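Participant: Quick one: this structure, given as structure tokens, is what I'll be asking you about.
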Amino acid sequence: MTEPDRKPPMAERKPHVLTLHGHSRLDDYFWLRERENPEVLAYLEAENRYTQSMMDHTAELQAALYQELIARIQESDQEAPVRRGRFEYYSRTEAGRQYAIYCRRKISEGQGSIEGAASDEEILLDLNEAAQGFDYCKLGVFRISPDQRWLAYSLDLDGGERFQLAFKNLETGQLQSEKIAGTIYTGEWANDNRTYFYTTQNEVWRTWRLYRHILGHAADVDSLIYQEDDVLFELSIEKTRDQAYLLLVIESLETAEIGILEADNPLGVFRIIEPRRTGHKYFLEHRPGVFYIGTNDGAKNYRVVTASDTAPGRENWLELIPHDEAVKIDGLDAFQDHLVIHQRRDGLKSLRILDLTNRESRRVAFPEAAYDYGRGDNPEFTSRRLRITYSSLKTPDTAFDYDFDLHRLVEIKRKPVLGGFDPDQYVVERRFAPAEDGTKVPISLVYRREFKADGQAPCLLNGYGAYGYSIEPAFNMDVISLLDRGFVYARAHIRGGQEMGRFWYDSGKLLNKRNSFTDFIACGKYLIDEKYTRPEKLAIIGRSAGGLLIGAVLNLAPDLCQAAVAHVAFVDAVTTMLDESIPLTSGEFEEWGNPQEAAYYQYILSYSPYDNVQNKPYPHILATAGLNDPRVQYWEPAKWVAKMRRMKVGDRRLLLKTNMQSGHAGASGRYDHLKETAFEYAFLLDSLDLLQ
């Protein structure tokens, strides 16, 4: 099958012309944003058919990979339960079913431990039933009321990230009649067990309103509690672990403001802890009488202060943990007798426990040189244990409880990996690549023990580098299929994330964004120079802003690699950042810059992948999109591929795969997700000439 027409039917229109800052820019494929136009949908379907035809010869490999991926999963499984009062809560899966089932069990009286002490199961929410008749299903909020009689939950059924909120009586199993559309990821109960606070989005997907709902009342009489009109800011609603306060978090990428309301007084008024000041961010936790506040006030990597909950303003802050240039404080968890400090040191997360009864401080030791851990569900304020989830590039997700009294980690459950997986057969390394300016950029690597650094191994290099989001050396079960075929798998911890502290983020955003791209190229060249791989066997991959990374790297160094995968890629940066009608644009001016200002316009234009496509050879490329994606509109990858198809030199494959039923995250069902992974891996193996 030939490539889709380089001049699709609507391309005969005159190009869209943008003139700004004395610069005129032609956009031949602007028409692809006409979502409702049948010709646009037909064009996307034509691209899908072409992609399918170009991958038909890998059908048997895709099927084999899919079966291999499934065979590694324990299809019927249960997550480690979490105790909440008289119940333990957990989710589980069943073989052959796409989605999780959320459950609880009552804990027997007199039992000091939840292990083996639970009675019959209650199914609270079966997502498989909720998804019937839909191609997509994602759970948003799942909030149990303080008395554990009510469940508030929300569902997205098309990938567009607008959720419908519902309420279920857990004693009768009946749903309330009221349904609330257009909600988003946060919501919290007040302590009266009948008042629920939730957030909604505006027409450009910015979370801007907080409402108060009373059970049994229609949604149209809900009280609007707060509306944020500054386009840089979004809202979320949280609750302190001790159940004392509701927190209204008003936040941009650079500035935060938090309002507090006693959870026993849901009809009261939120009061601000510390008014917003540009560049000041803070977060907090609470114990009776005192707030613990993480703040970047005079502390780029944050410090921790305390304040009375009756007078919590900045003028009353007392320093508890001073700023440390070598350690970034990422978050706090307060318990009755302990404060948990989530930190980052030398590019890795670290955990510090402060005993509030005797002021002793301990660091939690982890068993590997490169690893990741995540904050688990810890609903009980009086708990003597902290739940975390630990993994590394070779260690599967493992639920641990850190025992505050014994000062040790207790393994609760390790996620099973079937098919003879043995972590001892793999090696994890951490190396540092020299960037253009001499900065040392961390790379985390994993490969099979028999690997030899002779330049012959295939390698997949993954990167992101934006929004201060750190790409962790965490476990990915699917990657085993590549490792067992001789791959080296690498994650580049480039600037734009916060692996090495806040300065790492600042060095990869706004007018420093180019560092993200050159760091990634430096990582790729390092892997080649050190004989981990060679250009003909190197593939690169990124998602969303990581897709922008891939697109920019391909323009700067198209000979770096043999293949590239750009998932839901933010590749049309100039057009998007100039259009405030597109979801989420305005709130990201603090990340990319506002191109209405000439300096930012010229800088973004200098790296925007779509605007810098050239007449030269590119590697094999697979680009993906989601028709309902509100974060990166489907037309960005579609335009990029159309322009590259017209301009690239050579016969390497250029494929666009648009999921016509999903959004930013791709397929929602676990089996559908594995089919997408099998397709991606088949593309990589084929492109690197590794078909067997």
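Ligands are numbered from 1 in the order shown, chains are lettered A, B, ... in the order of the structure tokens, and residues start at 1 in each chain.
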Can you pull out every residue within 7 Å of stretch 245-258 of chain A, counting only C-alpha atoms, but drop anything in the same chain fewer than 2 positions away, and send it as a ChimeraX atom specification?

Facilitator: /A:232-240,243,260-263,272-282,587,590

Participant: Would you list, as an MDAnalysis selection string, the residues of stretch 67-313 of chain A that end up in strand (DSSP E or B) under DSSP run on this structure's backbone?

Facilitator: chainID A and resid 77:78 82:84 87:93 101:107 118:126 138:144 150:156 163:169 175 180:189 195:201 207:214 223:227 234:239 245:251 256:262 271:272 282:287 290:295 303:308

Participant: Select, from A:Glu171, A:Glu60, A:Asp333, A:Asp559, the residue with the minimum atom-to-atom distance to A:His620, counting only C-alpha atoms.

Facilitator: A:Asp559

Participant: Residues of stretch 338-578 of chain A classed as helix (DSSP H, G or I) by DSSP on the backbone are to be reported as number ranges by chain.

Facilitator: A: 423-425, 477-483, 502-506, 510-512, 514-529, 535-537, 545-556, 573-578

Participant: Take the residues from that selection and write them out as a short mmCIF file (atom, residue, chain, number, x, y, z; two decimals), in the first residue's frame, keeping C-alpha atoms.

Facilitator:
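Wrote it out as out14.cif, contents follow:
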```
data_model
loop_
_atom_site.label_atom_id
_atom_site.label_comp_id
_atom_site.auth_asym_id
_atom_site.auth_seq_id
_atom_site.Cartn_x
_atom_site.Cartn_y
_atom_site.Cartn_z
CA PRO A 423 15.37 -10.36 38.79
CA ASP A 424 18.85 -11.71 39.48
CA GLN A 425 19.26 -12.26 35.74
CA MET A 477 6.92 -5.35 33.33
CA ASP A 478 6.39 -4.97 29.59
CA VAL A 479 10.05 -4.05 29.00
CA ILE A 480 11.09 -7.59 29.94
CA SER A 481 10.06 -8.63 26.43
CA LEU A 482 12.74 -6.30 25.07
CA LEU A 483 15.39 -7.15 27.66
CA ARG A 502 14.70 22.54 41.43
CA PHE A 503 17.63 24.01 39.48
CA TRP A 504 17.43 20.96 37.17
CA TYR A 505 13.89 22.00 36.27
CA ASP A 506 14.73 25.67 35.83
CA LEU A 510 11.31 28.57 29.18
CA LEU A 511 14.40 30.05 27.48
CA ASN A 512 16.51 27.10 28.70
CA ARG A 514 17.02 23.52 24.48
CA ASN A 515 18.98 21.88 27.31
CA SER A 516 16.37 19.11 27.49
CA PHE A 517 16.99 18.19 23.86
CA THR A 518 20.77 18.41 23.91
CA ASP A 519 20.89 16.46 27.20
CA PHE A 520 18.94 13.65 25.57
CA ILE A 521 21.19 13.65 22.53
CA ALA A 522 24.20 13.56 24.87
CA CYS A 523 22.73 10.52 26.61
CA GLY A 524 22.24 8.75 23.29
CA LYS A 525 25.80 9.56 22.18
CA TYR A 526 27.16 8.38 25.52
CA LEU A 527 25.44 5.01 25.14
CA ILE A 528 26.96 4.71 21.68
CA ASP A 529 30.44 5.85 22.76
CA PRO A 535 23.12 4.18 15.97
CA GLU A 536 21.71 1.38 13.78
CA LYS A 537 20.41 -0.35 16.93
CA ALA A 545 5.97 16.60 26.26
CA GLY A 546 8.35 13.67 25.87
CA GLY A 547 7.01 13.42 22.32
CA LEU A 548 8.05 17.03 21.77
CA LEU A 549 11.46 15.94 23.02
CA ILE A 550 11.58 13.17 20.43
CA GLY A 551 10.45 15.48 17.63
CA ALA A 552 13.04 18.13 18.52
CA VAL A 553 15.81 15.53 18.79
CA LEU A 554 14.92 14.11 15.37
CA ASN A 555 15.34 17.55 13.81
CA LEU A 556 18.60 18.27 15.65
CA ALA A 573 4.23 24.07 19.96
CA VAL A 574 3.93 27.49 18.34
CA THR A 575 0.36 27.10 17.05
CA THR A 576 -0.85 25.57 20.30
CA MET A 577 0.75 28.13 22.60
CA LEU A 578 -0.72 30.96 20.52
#
```

Participant: Measure the distance from atom CA of A:Arg105 to atom CA of A:Asp403 in Å and round it to one decimal.

Facilitator: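 Result for atom CA of A:Arg105 versus atom CA of A:Asp403: 23.4 Å, one decimal.
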
Participant: Find the residues around A:Leu622 up to 9 Å (only C-alpha atoms counted), leave out those fewer than 5 positions away in its own chain, and share them as a VMD selection string.

Facilitator: chain A and resid 51 563 to 567 653 to 657 680 683

Participant: For atom CA of A:Asp651 and atom CA of A:Tyr618, quote the distance in Å rounded to one decimal.

Facilitator: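 Pair atom CA of A:Asp651 / atom CA of A:Tyr618 returns 9.2 Å.
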
Participant: Within 12 Å of A:Arg241, counting only C-alpha atoms, which residues qualify if same-chain residues fewer than 6 places away don't, as a PDB file with N, CA and C atoms, in the first residue's frame?

Facilitator:
```pdb
ATOM      1  N   ARG A  84      -8.788   0.889  56.943  1.00  0.00           N
ATOM      2  CA  ARG A  84      -9.468   2.147  57.236  1.00  0.00           C
ATOM      3  C   ARG A  84     -10.553   1.826  58.258  1.00  0.00           C
ATOM      4  N   PRO A 146     -16.324   9.650  55.730  1.00  0.00           N
ATOM      5  CA  PRO A 146     -15.698   9.351  57.025  1.00  0.00           C
ATOM      6  C   PRO A 146     -16.381   8.225  57.799  1.00  0.00           C
ATOM      7  N   GLU A 188     -13.685  15.795  47.907  1.00  0.00           N
ATOM      8  CA  GLU A 188     -13.507  15.384  49.307  1.00  0.00           C
ATOM      9  C   GLU A 188     -14.809  15.538  50.081  1.00  0.00           C
ATOM     10  N   LEU A 247      -8.644  21.324  52.265  1.00  0.00           N
ATOM     11  CA  LEU A 247      -7.654  22.228  51.691  1.00  0.00           C
ATOM     12  C   LEU A 247      -8.051  22.580  50.271  1.00  0.00           C
ATOM     13  N   ALA A 263     -13.160  20.743  58.567  1.00  0.00           N
ATOM     14  CA  ALA A 263     -14.003  19.728  57.935  1.00  0.00           C
ATOM     15  C   ALA A 263     -15.278  19.476  58.724  1.00  0.00           C
ATOM     16  N   LEU A 284       1.188  21.618  52.552  1.00  0.00           N
ATOM     17  CA  LEU A 284       1.103  21.487  54.007  1.00  0.00           C
ATOM     18  C   LEU A 284       0.460  20.185  54.451  1.00  0.00           C
ATOM     19  N   GLU A 285       0.701  19.875  55.697  1.00  0.00           N
ATOM     20  CA  GLU A 285       0.056  18.784  56.433  1.00  0.00           C
ATOM     21  C   GLU A 285      -0.332  19.311  57.802  1.00  0.00           C
ATOM     22  N   HIS A 286      -1.147  18.532  58.555  1.00  0.00           N
ATOM     23  CA  HIS A 286      -1.681  19.020  59.827  1.00  0.00           C
ATOM     24  C   HIS A 286      -1.682  17.931  60.889  1.00  0.00           C
ATOM     25  N   ARG A 287      -1.340  18.317  62.081  1.00  0.00           N
ATOM     26  CA  ARG A 287      -1.589  17.553  63.302  1.00  0.00           C
ATOM     27  C   ARG A 287      -2.341  18.473  64.246  1.00  0.00           C
ATOM     28  N   PRO A 288      -3.043  17.939  65.226  1.00  0.00           N
ATOM     29  CA  PRO A 288      -3.817  18.814  66.105  1.00  0.00           C
ATOM     30  C   PRO A 288      -3.008  20.010  66.610  1.00  0.00           C
ATOM     31  N   PHE A 291       0.253  23.240  61.784  1.00  0.00           N
ATOM     32  CA  PHE A 291       0.478  22.937  60.372  1.00  0.00           C
ATOM     33  C   PHE A 291       1.973  22.750  60.136  1.00  0.00           C
ATOM     34  N   LEU A 332       5.182  15.992  52.303  1.00  0.00           N
ATOM     35  CA  LEU A 332       5.095  15.658  53.714  1.00  0.00           C
ATOM     36  C   LEU A 332       3.894  14.758  53.968  1.00  0.00           C
ATOM     37  N   ASP A 333       4.032  13.863  54.936  1.00  0.00           N
ATOM     38  CA  ASP A 333       2.905  13.081  55.446  1.00  0.00           C
ATOM     39  C   ASP A 333       2.946  13.149  56.966  1.00  0.00           C
ATOM     40  N   ALA A 334       1.874  13.651  57.566  1.00  0.00           N
ATOM     41  CA  ALA A 334       1.817  13.787  59.020  1.00  0.00           C
ATOM     42  C   ALA A 334       0.978  12.667  59.627  1.00  0.00           C
ATOM     43  N   PHE A 335       1.526  12.054  60.670  1.00  0.00           N
ATOM     44  CA  PHE A 335       0.811  11.059  61.464  1.00  0.00           C
ATOM     45  C   PHE A 335       0.779  11.538  62.914  1.00  0.00           C
ATOM     46  N   GLN A 336       0.125  10.789  63.761  1.00  0.00           N
ATOM     47  CA  GLN A 336      -0.058  11.208  65.146  1.00  0.00           C
ATOM     48  C   GLN A 336       1.278  11.498  65.828  1.00  0.00           C
ATOM     49  N   LEU A 339       6.372  12.610  61.443  1.00  0.00           N
ATOM     50  CA  LEU A 339       6.301  13.390  60.220  1.00  0.00           C
ATOM     51  C   LEU A 339       7.189  12.705  59.193  1.00  0.00           C
ATOM     52  N   ASP A 377      -1.380   4.483  49.972  1.00  0.00           N
ATOM     53  CA  ASP A 377      -2.606   4.953  50.618  1.00  0.00           C
ATOM     54  C   ASP A 377      -2.438   4.778  52.122  1.00  0.00           C
ATOM     55  N   ASN A 378      -2.486   5.883  52.847  1.00  0.00           N
ATOM     56  CA  ASN A 378      -2.288   5.859  54.303  1.00  0.00           C
ATOM     57  C   ASN A 378      -3.401   6.649  54.978  1.00  0.00           C
ATOM     58  N   PRO A 379      -4.613   6.102  55.020  1.00  0.00           N
ATOM     59  CA  PRO A 379      -5.747   6.891  55.495  1.00  0.00           C
ATOM     60  C   PRO A 379      -5.810   7.091  57.004  1.00  0.00           C
ATOM     61  N   GLU A 380      -5.113   6.267  57.788  1.00  0.00           N
ATOM     62  CA  GLU A 380      -5.277   6.312  59.244  1.00  0.00           C
ATOM     63  C   GLU A 380      -4.208   7.186  59.893  1.00  0.00           C
ATOM     64  N   PHE A 381      -4.650   8.248  60.528  1.00  0.00           N
ATOM     65  CA  PHE A 381      -3.756   9.208  61.161  1.00  0.00           C
ATOM     66  C   PHE A 381      -2.977   8.586  62.316  1.00  0.00           C
ATOM     67  N   THR A 382      -3.579   7.648  63.023  1.00  0.00           N
ATOM     68  CA  THR A 382      -2.938   7.055  64.198  1.00  0.00           C
ATOM     69  C   THR A 382      -2.065   5.855  63.862  1.00  0.00           C
ATOM     70  N   SER A 383      -1.921   5.535  62.591  1.00  0.00           N
ATOM     71  CA  SER A 383      -1.181   4.345  62.191  1.00  0.00           C
ATOM     72  C   SER A 383       0.266   4.393  62.675  1.00  0.00           C
TER      73      SER A 383
END
```

Participant: Hey, which of A:Tyr671, A:Tyr153, A:Phe197, A:Phe134 ends up closest to A:Tyr102? Count only C-alpha atoms.

Facilitator: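 Answer, going by the shortest atom-to-atom distance: A:Tyr153.
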